[in-house]
Each structure stands twice: as C-alpha cells, then as structure tokens.
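Before any comments, here is the structure.
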Number of protein chains: 4
Amino acid sequence: MLRGYSVPRTPRGHASLVPPPPWHYVGDFLVIDFWADPGAAMSVLPEGLVPHPDAGRCAAVFADWQSTSDGDEELLDPVRSHYREFYLVVSALLDGEEVTTCPFIWVDQDFALARGWIQGFPKKLGEVWMTRAYALDCRAAPGIKHGSRFAGTCSARGRQLARGQVTLTRRSDSGSAHTAPPIVNVRHFPRLAAGRHDQPQVHELVRAVSRDRAVSEIWEGEAELALFDAPGEEHTLLAPIAVERGYRFTFAYTVDDLVTVRELGA
Amino acid sequence: MLRGYSVPRTPRGHASLVPPPPWHYVGDFLVIDFWADPGAAMSVLPEGLVPHPDAGRCAAVFADWQSTSDGDEELLDPVRSHYREFYLVVSALLDGEEVTTCPFIWVDQDFALARGWIQGFPKKLGEVWMTRAYALDCRAAPGIKHGSRFAGTCSARGRQLARGQVTLTRRSDSGSAHTAPPIVNVRHFPRLAAGRHDQPQVHELVRAVSRDRAVSEIWEGEAELALFDAPGEEHTLLAPIAVERGYRFTFAYTVDDLVTVRELGA
Amino acid sequence: MLRGYSVPRTPRGHASLVPPPPWHYVGDFLVIDFWADPGAAMSVLPEGLVPHPDAGRCAAVFADWQSTSDGDEELLDPVRSHYREFYLVVSALLDGEEVTTCPFIWVDQDFALARGWIQGFPKKLGEVWMTRAYALDCRAAPGIKHGSRFAGTCSARGRQLARGQVTLTRRSDSGSAHTAPPIVNVRHFPRLAAGRHDQPQVHELVRAVSRDRAVSEIWEGEAELALFDAPGEEHTLLAPIAVERGYRFTFAYTVDDLVTVRELGA
Amino acid sequence: MLRGYSVPRTPRGHASLVPPPPWHYVGDFLVIDFWADPGAAMSVLPEGLVPHPDAGRCAAVFADWQSTSDGDEELLDPVRSHYREFYLVVSALLDGEEVTTCPFIWVDQDFALARGWIQGFPKKLGEVWMTRAYALDCRAAPGIKHGSRFAGTCSARGRQLARGQVTLTRRSDSGSAHTAPPIVNVRHFPRLAAGRHDQPQVHELVRAVSRDRAVSEIWEGEAELALFDAPGEEHTLLAPIAVERGYRFTFAYTVDDLVTVRELGA
C-alpha cells in the first residue's frame, strides 16, 4: 500500500514532497501597505468575494521563512525548511466580513510551492532576497531601530518582479492592516481530459485556519514599492498608486486545517 | 472573471504557471532498461495495477526537453520551454494489458513540475545533467556512433540520486522495452481540512494519451546505472539488481488528453 | 606538495576548480552583429586597443557550450562540462590589426567563470537560455531552415540583461564579422594590500590562441537585440543603435595557450 | 579610461563583480572543532607553513553572511549582500606563530567567490544550508538555549560534501580554538601561456588582516561532523577521526588589507 500526504506516495511514506500537517512556521516579514487602482484590485478577486469598501487596499509581503512538520526532521536538514517568498494580498469582503486574498505569489522551494497549492496560494517559483537583521550591532546589518532600512526583491525566470523598501521610524501599535483579517484563497486543480480543460477538478473558495500565532515587536516606517512587468505575469495590474506604510516583524504560527467556503463554477 | 488553465488565474489569463494544452514536446533521451527486486517493484505499484509477469522490469530515463504550447511563445522565451528530468518507470499490468507506471521523477523547472502533477507524474524539483551530442564532429562531444559514451546524473536538495551511462554499440531495432506500453499514473491532490488529511480530494488512476509521436534513429549499447540513498527519498527501493541495455534517441509528441481509468480509495 | 592548475590546490591535484589545459570546446551559437554608439564603444576599449575604423561595430553572442579537458572525465559527469554564456564583443585595432575585445560576459557555471578570468574574459555569473534545435523534425523545435526563429536571453541577479532573436533566411557565406578576428582581452587580478587597491597584481593585454577550430554550416537572417539596464551593470552603454544580421551555427575549438601582448599600467 | 576594483572594468567603474574595499561583514556561525588524521592535515599545508604541535587540529565552519562595501548599496539590494559558505581550516605554524589555513571552501554567490580568490580563499561554488534562529520563541526555530540543535549542510554539483550538527549546552568562555589565530592562505592566479601552465603568475602566502571585530555571546555543545566523497573533490582527506565540540555565535568584522608573507615557488 502506498502512503504519503502528497506525491510521490511510496511504501514507507517518507518521500512525499509535502510532509503531513501540522506545519509549524516562523518568518521575518517586510510588509508594505499600499493602494492599487480600485478597478484593477476588483478584477483579481475570485468568485465569492466582493470588493472591500476601501477598494484598492493591498499589501506586498516579503517573507524569509523556516518551517517544519512534527518531528523536526526538516529543522536538522535545513534545505527542507528554509524558503523565501513574495506575495500580494488584496482586501475584500466575504459575506460581509473583511478578508484578504492572494492573487500573486512566488516562492523559492518546491515543497513550499506544493504546500501553497494545497492551501490555495497560486505559487510559482521565484527568487526572493531580503535585507537581514543580525543579533549583533555592526556595520553590515541594519538594527531594529529608528532610521534602519530594509529592502526586498522578487524575480522569476530572470526578470525582476518587485522591489520594496522600508525605513523604520517607530514601534507600531497596529501593524499592517492586512495581518489580522483571515485570508481566503482558491484551491484549484485542472483537468487534462479532452474537452474538459476549462472544468477544473478542484475549484473552491477556502479560508485559512491557523493556531499558535505569535508575533514579535512590530516596527513601522516610510515605504517604497515598485512592481515590474514581465512576460507571462500580470501582477502589475496591482501597481501601487499610493504607498502607505511599511512594517517589519517576525511572525510564527501553525497550520493543520483549512475550511472550504464554497465550491466555485468552472 | 478570472481565467487561466492553472493558477494563478487572472483577468487576462496570461499568468498561468501551466499554459493550456496542447503541449508539444521534443527531447533527447537516455534510457536504461534494468531489473529491480521483484518484490520492491511490486511495492511501488498503485492500486489498480498488478505486477507484470516479468516482475522487476524497470527503466531509468534521463530526458533533455523543450516544450511549447500553441503559439510558440515559450520557444522564443526559452526559460519557459527548456527543462531536464529523470524518472523511473516500472512494468505492470492494467486489466491484463502491459503498461508502465512512474513512481519517482525529478525535474528542474516549475511549469514542468506542475504540468507533471496534472498528468499524474509525482514530480519534485531536482537537477539533471546529460552529456550532449552536437551537430559537429569534434573533440568535446561524443558522436552518435559506435563507442560513444553518454552519461546522465540526477540530484535533489544537494544529494546525488542517480547516475547512468550508456556506451553506444549499434543502431537498435527495438528500442527500450518501456517505450511502447502506455503509461498509467496516479493523479493526486491532498486535502488540508482537519480530520481529512488522509482523504485526498483527487485520487485516480489515469492513462496517458499522446499524438503526433516521432522518434529519431535509436542507438543502443551497454549501460550502467546506480541509484543513491538520500534523506526524504525512497527511490533506492528500485536499486538495479541487473542492468540490461541502454538507448539513446530523440523523441517528440503532443499531449492534450488524459483518460481516467478509475477512482482510487483514500 | 600541493598540486593543481587552479585553486584549490591539493595533494593529488584533483580538486582544482579549473582542470589543466588543453580545454576542448563545442557550442551552439547565436550571434547578432550590431552597431553601438561609436563613442560608447570606444569608451569600453582597454588601454592598448584603438577604435576600429568602423567604430561602434559590435556583436552579441549567446552560446550553449560543452567542454572537457583531456581524459573526458567532464563529458561523463556533465555538470562539469555544460554551461551557457552571453557576451558582447567590440571591434578594435591592435597595432593596426583588426581584433575584437569582450567587455561584458555572463556565464552560469563556476569552472567557466574562473577559466574565463584566466583567459581575460571578465565573467560574472548569470542565467542564459537559448532556443534549441533537435535532431528531429517536430512541432516543439525550430529546424535549421528558412523561417525558423531562435532566441536567447541573459539575466543576472534576477534582472534581465539581454534578449536576442534571429529568424533564419539562408545559408551564410561569410558568417559574423566578429568570428574571424582574434580576441584580445585583459587579464586582471586585484591587490588587497592597504594602499594598493588600485594597483592590480595582474594587468595585461592578452591575445587568445586556439587550435583545431571547426564550424558547422552557418545560417543567417534578420535579428533583434535589446540590452536592459540593471543595478551594478554598465553593458547598456553598448545598446544597439542598429542591428545588422544574426547567425546560427555550431563551433568547436581547443585552447591551451595565451599570448601576453603587453603589460598595462594601473 | 576603465575603472573598477575587479573585472569587468568599465567607464564608470560600477560593474565590478567585487566592489572596492573596505568590505563589512556579519554572519551567523556554526563552528565544529575536530581532529583529522595528522598526516592528512599536514599534507594540505601550503609551502611556508609547518605542522602545528597538535597536528590534525581542524575546524569545520558553516557561515550565513551579509556583507556590504561602503555606501550600503548592497544592503538595499540583498542579492548582492547575502551568501552562505562552508569551509575547513587546519591549524599550523608560521614562523613559530600559531595560525590557521583554509584548504577547502564552498560559497553560493559569485561576488563572494571572487572576493575569496583575492583574499587567498580557494573558493568554489556550492550550496550551504543552516538551521536559523529567529527573534521569537516558537515551534519552528531553535532558541539560543540549552538543548537547541543547529545543523549545516554543504553540497556542490549536486553531491553532498559535508554535514554538521551542534546541540547547545552552555555559554562558552573560550569559543573555538580556531577563531583567534590569524588565517594564512595562498593567493594564486594561473598562467595559460603554453609551456608555463605550472608557473602561476600569482603565488604567495598571505595573512588576513581585519578590524572592527565584534562577536555575540558564544554557545557551545556536543557536535557531529561528516565529510562525504565526491568526484573532483579532496576534502575528505580531512575526515574527522574525533569531533571535539561545536559553537554557535554571530560575528562581524571589516576587511580592507592583506599582508603578503612571502612569494612561493611554482
């Protein structure tokens, strides 16, 4: 009998690209709240979500992650626990409740790409780089303090897709407007049978569930954000028309559940 | 309305990781027919397949691909058309018919990984390298002729997984025993809802369909094959107990269909 | 005693990043002859070269290489023999003789980067992709024939640096104007001793020497070329003001010599 | 006039692979003190160094670096400031003084590879992964505390080269025996002129100089270390015969000088 949470499923179940949940995460974040064209922001909402009253409210997120499943095998084989990603989220309403949704995301490891698909994040591979803080006051790293600057970049297929920068000013009371609302995405798995290419086998609106959330002190400050065109990409639909504020913090949580909100048509 | 064959689905439908079928392929192949332990080969068969009378008959395949969908946009942006992969196939019977199935496969591009999942190939990312032939008789490349040697290697996560080598002897009449039979795989997409982690949402035996197949002259010769252990991998279950013969050729086909043989239990 | 042609030098001499010469090469080439601003082209010439009468005459070259030293160990471990590179060459005169020089080049493997430094090519790492021809008439690859299109791209650090495209029209009698003249580059190795950072320890004009050159049939046709700005790059100095013609061919040679033309000042 | 500290040298001097010194560094370190076979350790010493009385004393070092030159351009374009490396150092004497030397080192970025060559580190490209600490007490990261485990891995060309692991026990008074002594390496740049392949143009024993050194609290504990054979590598000469102790800390310094100890013969 073949075993395993994801493919490849094998006799012992040890070769799955994605180990079984729960998945424990921690990451350093650079988040930039910004405004896109309201019509463009609406155009990327999946069926089932309606525009937020503040239509066009978005965030750009650079994250430097470490994750592990139970057992910690990945933490001691860090090629299986580290990854960096960049994504955009758009504010929306689900049955009157404020939520966010992620239309674009790039990540640099296969296990995280596949885990994203399972959760409804539409991940592609990309390269993400972020200025790091170190536990030492020194010339080669910004401290977590007034005036320090942190930047993030994302590219895929050799084309730059995004660049963000935050200059820390003060500790933040609120954090990003996009951290608290639940994230609602679309799980999607296509069909290849002739005549049914436009009838995905999995197509459902899903709501992320997490537990054991923890967050460090949050710092905020002025931010810059640029999104760049590239062949085979459409994220510049959400090009910033105004950039609000940036945030830097460390965040941890655990995921082992997902709620299906509704089935979507083809 | 969001459009696109795969995620991310977008207003214009141009950002899909996997463009819509048909997919046209051509690749240089190094195939090594070998024998694994019969019990081990049986242990990797999915539900619905039964052992081949010649239990343990397998092949290792190194392929250097170029693919495109209609329109040829990928051919003129070759980062979206090139990829290399390594896979193992095992002989089996489906309702009495000789077939093969692919329990292990690694590929070096995201679009090919996702396209593989859609077709039932359990792809992970890896690095694959193959000795190349060039259209010039010279010191730095083997010719397609008696005595020439071609090698392939596969690694993932910084660990070597496989190495194969073929020394060409003669033109082959038959080619590999694993080329003609249809390939039958498992399409699988997990659930994340709590309590249902072992009830995949998609779990079905599928049979590949292709058209417009073409093959170059096939050369064959003596072969070597080694599979190497690595953490989080189980492909060495199929470690060769005897290596039969190797083949080198170029192969092309088109895919835009897939047949579901049967739904599988969890 | 430590042995080896390059670092790391070791007791057995088997760990050198660059194996000892001779180095045998073969590659598929896409070459685009173009004109840059004459003043800009002059500005990148090293001391010792003077502008060509046709100032501004340049070529952009995409190459998909396989190389090996004697013994062929690399051919059977292809991760050590394959690489792709992109470079620009500028026409110039050396003591009245027509030559070319290479001010910018990117390559995707470390051994080729170091081998380039030894030869006077100012290599950085980059990603290069090229449309491939295959030995099979099929839908997924252009043939070597009228109307076929081949493209190449180069990026580094996640930024696109160059894109070229050639549409084959006819067999070429002459080939690129930049293939025949010898290439003259600068070997350079900096000092780190305080106060001497601007006094390189190696700084000399060198002239490439090769033997056993072979070339396939050459095809030519209309070409396009674009160079793109990126932080920490200056190659767009040579942005094309006119694109002349493109060429596709396979080329092989052997290198085990280099001639120092003259020592340069700091 | 062409300008720049390293190639490529250009009109504005902004394209150098290696920006001019000073170079400011900070990194998270995992250091494992171990003993290799004394004869093997002696065999990798360059001319000019003699064996340490404790012959065979070595360390393995995993480092997760961020670096920048003056101006901080790299810190805000982190693809140009981050890199990870793994290296081995061997204890030795230079004119009676205790020193270390680095016979083997792998790094994952081109600018760091070239900067290493300039300093006398015999760098090749590799992939290095290290368990990370985060500024948040959580399930997905070890804290800097008793019982926490950190691991590092290094591979190159798809083959695993090294794995180390440290379990923190206590704050360390001394740190690694290999941190304090100066490091003495060999700067080496080969010739390609026919007949002179074994007469390097640069071949000198050099002594590292640094300033503005800072170190965090150091933790120590039990350690494991394994080195793995690979084609074209010789580092397993230094395979551990006993592993002493491991250390984890953060370290920063600045480099803008290097002292030539003596010229070496070919």
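Naming works like this for the structure tokens: A, B, ... for the chains as they're shown, residue 1 at the start of each chain, ligands 1 onward in shown order.
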
Quick check: residues of chain A within 6 Å of chain B, only C-alpha atoms, returned as an mmCIF file with N, CA and C atoms, in the first residue's frame.
data_model
loop_
_atom_site.group_PDB
_atom_site.id
_atom_site.type_symbol
_atom_site.label_atom_id
_atom_site.label_comp_id
_atom_site.auth_asym_id
_atom_site.auth_seq_id
_atom_site.Cartn_x
_atom_site.Cartn_y
_atom_site.Cartn_z
ATOM 1 N N VAL A 7 2.198 13.523 -3.331
ATOM 2 C CA VAL A 7 3.063 12.725 -4.203
ATOM 3 C C VAL A 7 4.506 13.095 -3.915
ATOM 4 N N PRO A 8 5.458 12.199 -4.197
ATOM 5 C CA PRO A 8 5.238 10.805 -4.553
ATOM 6 C C PRO A 8 4.830 9.980 -3.328
ATOM 7 N N HIS A 14 7.813 8.132 3.163
ATOM 8 C CA HIS A 14 8.841 9.104 3.559
ATOM 9 C C HIS A 14 9.277 10.020 2.424
ATOM 10 N N ALA A 15 8.742 9.852 1.246
ATOM 11 C CA ALA A 15 9.249 10.604 0.090
ATOM 12 C C ALA A 15 8.326 11.739 -0.347
ATOM 13 N N PRO A 122 -1.533 30.591 -5.116
ATOM 14 C CA PRO A 122 -1.190 30.283 -6.520
ATOM 15 C C PRO A 122 0.290 30.460 -6.803
ATOM 16 N N LEU A 192 -7.182 17.446 -17.445
ATOM 17 C CA LEU A 192 -6.496 17.353 -18.739
ATOM 18 C C LEU A 192 -7.331 16.547 -19.747
ATOM 19 N N ALA A 193 -8.403 15.909 -19.283
ATOM 20 C CA ALA A 193 -9.246 15.134 -20.207
ATOM 21 C C ALA A 193 -9.727 16.032 -21.350
ATOM 22 N N ALA A 194 -9.650 15.513 -22.566
ATOM 23 C CA ALA A 194 -10.034 16.301 -23.740
ATOM 24 C C ALA A 194 -11.460 16.822 -23.575
ATOM 25 N N GLY A 232 4.407 36.750 -19.319
ATOM 26 C CA GLY A 232 3.756 35.673 -18.579
ATOM 27 C C GLY A 232 3.413 36.037 -17.150
ATOM 28 N N GLU A 233 3.319 37.312 -16.845
ATOM 29 C CA GLU A 233 2.943 37.756 -15.495
ATOM 30 C C GLU A 233 1.889 38.865 -15.622
ATOM 31 N N GLU A 234 1.014 38.981 -14.618
ATOM 32 C CA GLU A 234 0.008 40.051 -14.635
ATOM 33 C C GLU A 234 -0.059 40.843 -13.329
ATOM 34 N N ASP A 257 -5.259 22.895 9.211
ATOM 35 C CA ASP A 257 -6.679 22.873 8.871
ATOM 36 C C ASP A 257 -6.939 23.893 7.759
ATOM 37 N N LEU A 258 -8.069 23.716 7.102
ATOM 38 C CA LEU A 258 -8.490 24.642 6.049
ATOM 39 C C LEU A 258 -9.998 24.448 5.915
#

* Give me every strand (DSSP E) residue in range 13-238 of chain C, going by DSSP on the backbone, as a PyMOL selection string. => chain C and resi 23-36+50-51+57-69+82-94+97-107+123-125+127-130+149-156+159-171+184-189+202-215+219-227

* Excluding Leu136 in chain B and any residue of its chain fewer than 3 positions from it, enumerate the residues within 12 Å of it, using only C-alpha atoms, and give them as a ChimeraX atom specification. => /B:132-133,139-144 /C:25-28,213-218,249-253

Mind dumping the selected residues with N, CA and C atoms as a PDB file, in the first residue's frame?
ATOM      1  N   ARG B 132      25.808  15.863 -23.957  1.00  0.00           N
ATOM      2  CA  ARG B 132      25.095  16.253 -25.174  1.00  0.00           C
ATOM      3  C   ARG B 132      25.842  15.873 -26.435  1.00  0.00           C
ATOM      4  N   ALA B 133      25.083  15.590 -27.472  1.00  0.00           N
ATOM      5  CA  ALA B 133      25.641  15.462 -28.818  1.00  0.00           C
ATOM      6  C   ALA B 133      25.497  16.816 -29.499  1.00  0.00           C
ATOM      7  N   ARG B 139      36.134  17.146 -30.711  1.00  0.00           N
ATOM      8  CA  ARG B 139      36.731  16.515 -29.538  1.00  0.00           C
ATOM      9  C   ARG B 139      35.867  16.626 -28.289  1.00  0.00           C
ATOM     10  N   ALA B 140      34.995  17.647 -28.223  1.00  0.00           N
ATOM     11  CA  ALA B 140      34.274  17.956 -26.986  1.00  0.00           C
ATOM     12  C   ALA B 140      32.879  17.358 -26.909  1.00  0.00           C
ATOM     13  N   ALA B 141      32.520  16.512 -27.861  1.00  0.00           N
ATOM     14  CA  ALA B 141      31.206  15.881 -27.811  1.00  0.00           C
ATOM     15  C   ALA B 141      31.283  14.507 -28.441  1.00  0.00           C
ATOM     16  N   PRO B 142      30.578  13.539 -27.843  1.00  0.00           N
ATOM     17  CA  PRO B 142      30.514  12.217 -28.466  1.00  0.00           C
ATOM     18  C   PRO B 142      29.626  12.301 -29.695  1.00  0.00           C
ATOM     19  N   GLY B 143      29.962  11.594 -30.714  1.00  0.00           N
ATOM     20  CA  GLY B 143      29.084  11.495 -31.871  1.00  0.00           C
ATOM     21  C   GLY B 143      28.063  10.391 -31.639  1.00  0.00           C
ATOM     22  N   ILE B 144      27.072  10.316 -32.507  1.00  0.00           N
ATOM     23  CA  ILE B 144      26.104   9.213 -32.436  1.00  0.00           C
ATOM     24  C   ILE B 144      26.712   8.087 -33.243  1.00  0.00           C
TER      25      ILE B 144
ATOM     26  N   TYR C  25      36.336  22.530 -26.571  1.00  0.00           N
ATOM     27  CA  TYR C  25      35.011  23.150 -26.502  1.00  0.00           C
ATOM     28  C   TYR C  25      34.181  22.827 -27.741  1.00  0.00           C
ATOM     29  N   VAL C  26      32.869  22.740 -27.547  1.00  0.00           N
ATOM     30  CA  VAL C  26      31.925  22.807 -28.675  1.00  0.00           C
ATOM     31  C   VAL C  26      30.692  23.553 -28.180  1.00  0.00           C
ATOM     32  N   GLY C  27      30.088  24.338 -29.049  1.00  0.00           N
ATOM     33  CA  GLY C  27      28.911  25.095 -28.619  1.00  0.00           C
ATOM     34  C   GLY C  27      27.997  25.452 -29.765  1.00  0.00           C
ATOM     35  N   ASP C  28      26.715  25.568 -29.431  1.00  0.00           N
ATOM     36  CA  ASP C  28      25.746  26.140 -30.370  1.00  0.00           C
ATOM     37  C   ASP C  28      25.723  27.645 -30.152  1.00  0.00           C
ATOM     38  N   ARG C 213      40.062  24.374 -34.809  1.00  0.00           N
ATOM     39  CA  ARG C 213      38.771  25.037 -34.954  1.00  0.00           C
ATOM     40  C   ARG C 213      37.928  24.330 -36.019  1.00  0.00           C
ATOM     41  N   ALA C 214      36.654  24.193 -35.742  1.00  0.00           N
ATOM     42  CA  ALA C 214      35.730  23.605 -36.716  1.00  0.00           C
ATOM     43  C   ALA C 214      34.412  24.342 -36.610  1.00  0.00           C
ATOM     44  N   VAL C 215      33.747  24.466 -37.730  1.00  0.00           N
ATOM     45  CA  VAL C 215      32.461  25.146 -37.680  1.00  0.00           C
ATOM     46  C   VAL C 215      31.479  24.421 -38.589  1.00  0.00           C
ATOM     47  N   SER C 216      30.242  24.384 -38.160  1.00  0.00           N
ATOM     48  CA  SER C 216      29.172  23.785 -38.959  1.00  0.00           C
ATOM     49  C   SER C 216      28.775  24.748 -40.067  1.00  0.00           C
ATOM     50  N   GLU C 217      27.843  24.323 -40.866  1.00  0.00           N
ATOM     51  CA  GLU C 217      27.144  25.226 -41.775  1.00  0.00           C
ATOM     52  C   GLU C 217      26.610  26.394 -40.949  1.00  0.00           C
ATOM     53  N   ILE C 218      26.725  27.610 -41.489  1.00  0.00           N
ATOM     54  CA  ILE C 218      26.229  28.799 -40.808  1.00  0.00           C
ATOM     55  C   ILE C 218      24.954  29.266 -41.500  1.00  0.00           C
ATOM     56  N   PHE C 249      25.043  28.785 -35.672  1.00  0.00           N
ATOM     57  CA  PHE C 249      25.973  27.738 -36.106  1.00  0.00           C
ATOM     58  C   PHE C 249      26.505  27.005 -34.880  1.00  0.00           C
ATOM     59  N   THR C 250      27.233  25.952 -35.155  1.00  0.00           N
ATOM     60  CA  THR C 250      27.912  25.198 -34.102  1.00  0.00           C
ATOM     61  C   THR C 250      29.407  25.337 -34.333  1.00  0.00           C
ATOM     62  N   PHE C 251      30.145  25.527 -33.252  1.00  0.00           N
ATOM     63  CA  PHE C 251      31.552  25.851 -33.365  1.00  0.00           C
ATOM     64  C   PHE C 251      32.337  25.059 -32.323  1.00  0.00           C
ATOM     65  N   ALA C 252      33.544  24.598 -32.706  1.00  0.00           N
ATOM     66  CA  ALA C 252      34.391  23.834 -31.778  1.00  0.00           C
ATOM     67  C   ALA C 252      35.831  24.313 -31.876  1.00  0.00           C
ATOM     68  N   TYR C 253      36.549  24.259 -30.769  1.00  0.00           N
ATOM     69  CA  TYR C 253      37.985  24.558 -30.804  1.00  0.00           C
ATOM     70  C   TYR C 253      38.659  24.038 -29.554  1.00  0.00           C
TER      71      TYR C 253
END

* Would you mind listing what lies within 7 Å of range 147-156 of chain A as a list in words, with only C-alpha atoms counted and same-chain residues fewer than 5 positions away left out? =>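 The residues that qualify are Phe62, Phe86, Leu125, Gly126, Glu127, Val128, Trp129, Met130, Thr131, Pro142, Leu161, Ala162, Arg163, Gly164, Gln165, Val166, Thr167, Leu168 and Thr169 of chain A; Gly158 of chain C; Leu76 and Asp77 of chain D.
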
* To do: May I ask for the distance between CA of Val50 in chain A and CA of Ile241 in chain A, given in Å to one decimal place?
  =>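 Taking CA of Val50 in chain A and CA of Ile241 in chain A, their separation equals 20.9 Å.
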
* range 49-242 of chain B: residues DSSP assigns to helix (DSSP H, G or I), reported as a list in words ->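 Those residues are Pro78, Val79, Arg80, Asp110, Phe111, Ala112, Leu113, Ala114, Arg115, Gly116, Trp117, Ile118, Gln119, His235, Thr236, Leu237 and Leu238 of chain B.
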
Could those residues be written to a file, using all heavy atoms, as a CSV table (one decimal), in the first residue's frame?
chain,number,residue,atom,x,y,z
B,78,PRO,N,13.0,31.0,-24.0
B,78,PRO,CA,13.4,29.6,-23.7
B,78,PRO,C,13.5,29.2,-22.2
B,78,PRO,O,13.4,28.0,-21.9
B,78,PRO,CB,14.7,29.4,-24.5
B,78,PRO,CG,15.2,30.7,-24.8
B,78,PRO,CD,14.0,31.6,-24.9
B,79,VAL,N,13.5,30.2,-21.4
B,79,VAL,CA,13.4,29.8,-19.9
B,79,VAL,C,12.1,29.2,-19.6
B,79,VAL,O,11.9,28.5,-18.6
B,79,VAL,CB,13.6,31.1,-19.1
B,79,VAL,CG1,12.5,32.1,-19.2
B,79,VAL,CG2,13.7,30.8,-17.6
B,80,ARG,N,11.1,29.4,-20.5
B,80,ARG,CA,9.8,28.7,-20.3
B,80,ARG,C,9.6,27.5,-21.2
B,80,ARG,O,8.5,26.9,-21.2
B,80,ARG,CB,8.7,29.8,-20.7
B,80,ARG,CG,8.6,30.9,-19.7
B,80,ARG,CD,7.4,31.7,-19.9
B,80,ARG,NE,7.6,32.8,-20.8
B,80,ARG,CZ,6.6,33.5,-21.4
B,80,ARG,NH1,5.3,33.2,-21.2
B,80,ARG,NH2,6.8,34.5,-22.2
B,110,ASP,N,9.6,24.8,-12.7
B,110,ASP,CA,8.3,24.8,-12.0
B,110,ASP,C,7.1,24.4,-12.9
B,110,ASP,O,6.2,23.7,-12.6
B,110,ASP,CB,8.0,26.1,-11.3
B,110,ASP,CG,8.0,27.3,-12.1
B,110,ASP,OD1,8.4,27.2,-13.3
B,110,ASP,OD2,7.7,28.4,-11.6
B,111,PHE,N,7.1,25.0,-14.2
B,111,PHE,CA,6.0,24.7,-15.1
B,111,PHE,C,5.9,23.2,-15.4
B,111,PHE,O,4.8,22.7,-15.5
B,111,PHE,CB,6.1,25.6,-16.3
B,111,PHE,CG,7.2,25.2,-17.3
B,111,PHE,CD1,7.0,24.2,-18.2
B,111,PHE,CD2,8.4,25.9,-17.2
B,111,PHE,CE1,8.1,23.9,-19.1
B,111,PHE,CE2,9.4,25.6,-18.1
B,111,PHE,CZ,9.3,24.6,-19.0
B,112,ALA,N,7.1,22.6,-15.5
B,112,ALA,CA,7.1,21.2,-15.8
B,112,ALA,C,6.7,20.3,-14.6
B,112,ALA,O,6.0,19.3,-14.7
B,112,ALA,CB,8.5,20.7,-16.3
B,113,LEU,N,7.0,20.8,-13.4
B,113,LEU,CA,6.6,20.2,-12.2
B,113,LEU,C,5.1,20.2,-12.1
B,113,LEU,O,4.4,19.1,-11.9
B,113,LEU,CB,7.2,20.8,-10.9
B,113,LEU,CG,6.9,20.2,-9.6
B,113,LEU,CD1,8.1,20.3,-8.6
B,113,LEU,CD2,5.7,20.8,-8.9
B,114,ALA,N,4.5,21.3,-12.3
B,114,ALA,CA,3.0,21.5,-12.2
B,114,ALA,C,2.3,20.7,-13.3
B,114,ALA,O,1.3,20.0,-13.0
B,114,ALA,CB,2.6,22.9,-12.2
B,115,ARG,N,2.8,20.8,-14.5
B,115,ARG,CA,2.3,20.0,-15.6
B,115,ARG,C,2.3,18.5,-15.3
B,115,ARG,O,1.4,17.8,-15.7
B,115,ARG,CB,3.0,20.4,-16.9
B,115,ARG,CG,2.3,20.1,-18.1
B,115,ARG,CD,2.9,20.8,-19.3
B,115,ARG,NE,4.3,20.4,-19.5
B,115,ARG,CZ,5.1,20.9,-20.4
B,115,ARG,NH1,4.7,21.9,-21.2
B,115,ARG,NH2,6.4,20.6,-20.5
B,116,GLY,N,3.4,18.1,-14.6
B,116,GLY,CA,3.5,16.7,-14.3
B,116,GLY,C,2.4,16.3,-13.3
B,116,GLY,O,1.8,15.3,-13.4
B,117,TRP,N,2.2,17.1,-12.3
B,117,TRP,CA,1.1,16.8,-11.3
B,117,TRP,C,-0.2,16.6,-12.0
B,117,TRP,O,-1.0,15.7,-11.6
B,117,TRP,CB,1.0,17.9,-10.2
B,117,TRP,CG,2.1,17.8,-9.2
B,117,TRP,CD1,3.5,17.6,-9.4
B,117,TRP,CD2,1.9,18.0,-7.8
B,117,TRP,NE1,4.1,17.6,-8.1
B,117,TRP,CE2,3.2,17.9,-7.2
B,117,TRP,CE3,0.8,18.3,-7.0
B,117,TRP,CZ2,3.4,18.1,-5.8
B,117,TRP,CZ3,1.0,18.5,-5.6
B,117,TRP,CH2,2.3,18.3,-5.0
B,118,ILE,N,-0.5,17.5,-12.9
B,118,ILE,CA,-1.8,17.4,-13.7
B,118,ILE,C,-1.9,16.1,-14.5
B,118,ILE,O,-3.0,15.6,-14.6
B,118,ILE,CB,-1.9,18.7,-14.6
B,118,ILE,CG1,-2.0,20.0,-13.7
B,118,ILE,CG2,-3.1,18.6,-15.5
B,118,ILE,CD1,-1.8,21.3,-14.5
B,119,GLN,N,-0.7,15.6,-14.9
B,119,GLN,CA,-0.8,14.4,-15.7
B,119,GLN,C,-0.6,13.1,-14.8
B,119,GLN,O,-0.7,12.0,-15.3
B,119,GLN,CB,0.4,14.4,-16.7
B,119,GLN,CG,0.3,15.5,-17.8
B,119,GLN,CD,1.5,15.6,-18.6
B,119,GLN,OE1,2.5,16.2,-18.2
B,119,GLN,NE2,1.5,15.0,-19.8
B,235,HIS,N,13.5,6.1,-3.7
B,235,HIS,CA,13.7,5.5,-5.0
B,235,HIS,C,14.7,4.4,-5.0
B,235,HIS,O,14.7,3.6,-5.9
B,235,HIS,CB,14.1,6.6,-6.0
B,235,HIS,CG,15.5,7.2,-5.7
B,235,HIS,ND1,15.7,7.9,-4.5
B,235,HIS,CD2,16.7,7.1,-6.3
B,235,HIS,CE1,17.0,8.3,-4.5
B,235,HIS,NE2,17.6,7.8,-5.6
B,236,THR,N,15.6,4.3,-4.0
B,236,THR,CA,16.5,3.2,-4.0
B,236,THR,C,15.9,1.8,-3.7
B,236,THR,O,16.6,0.8,-3.8
B,236,THR,CB,17.7,3.5,-3.0
B,236,THR,OG1,17.1,3.8,-1.7
B,236,THR,CG2,18.6,4.6,-3.5
B,237,LEU,N,14.6,1.8,-3.4
B,237,LEU,CA,13.9,0.6,-3.4
B,237,LEU,C,14.1,-0.1,-4.7
B,237,LEU,O,14.1,-1.4,-4.8
B,237,LEU,CB,12.4,0.9,-3.3
B,237,LEU,CG,11.7,1.0,-1.9
B,237,LEU,CD1,10.3,1.5,-2.0
B,237,LEU,CD2,11.8,-0.4,-1.2
B,238,LEU,N,14.2,0.7,-5.8
B,238,LEU,CA,14.3,0.1,-7.1
B,238,LEU,C,15.8,0.0,-7.6
B,238,LEU,O,16.1,-0.1,-8.8
B,238,LEU,CB,13.5,1.0,-8.1
B,238,LEU,CG,12.0,1.1,-7.8
B,238,LEU,CD1,11.3,2.0,-8.9
B,238,LEU,CD2,11.4,-0.3,-7.8

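Interatomic distance, CA of Glu244 in chain B to CA of Glu224 in chain B: 8.7 Å.
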
* Asked: From the list C:Leu205, C:Gly221, C:Asp229, C:Pro240, which residue is nearest Arg159 in chain A when using only C-alpha atoms?
  -> C:Asp229

* By how many Å are CA of Asp212 in chain D and CA of Ala59 in chain D apart? -> 23.2 Å
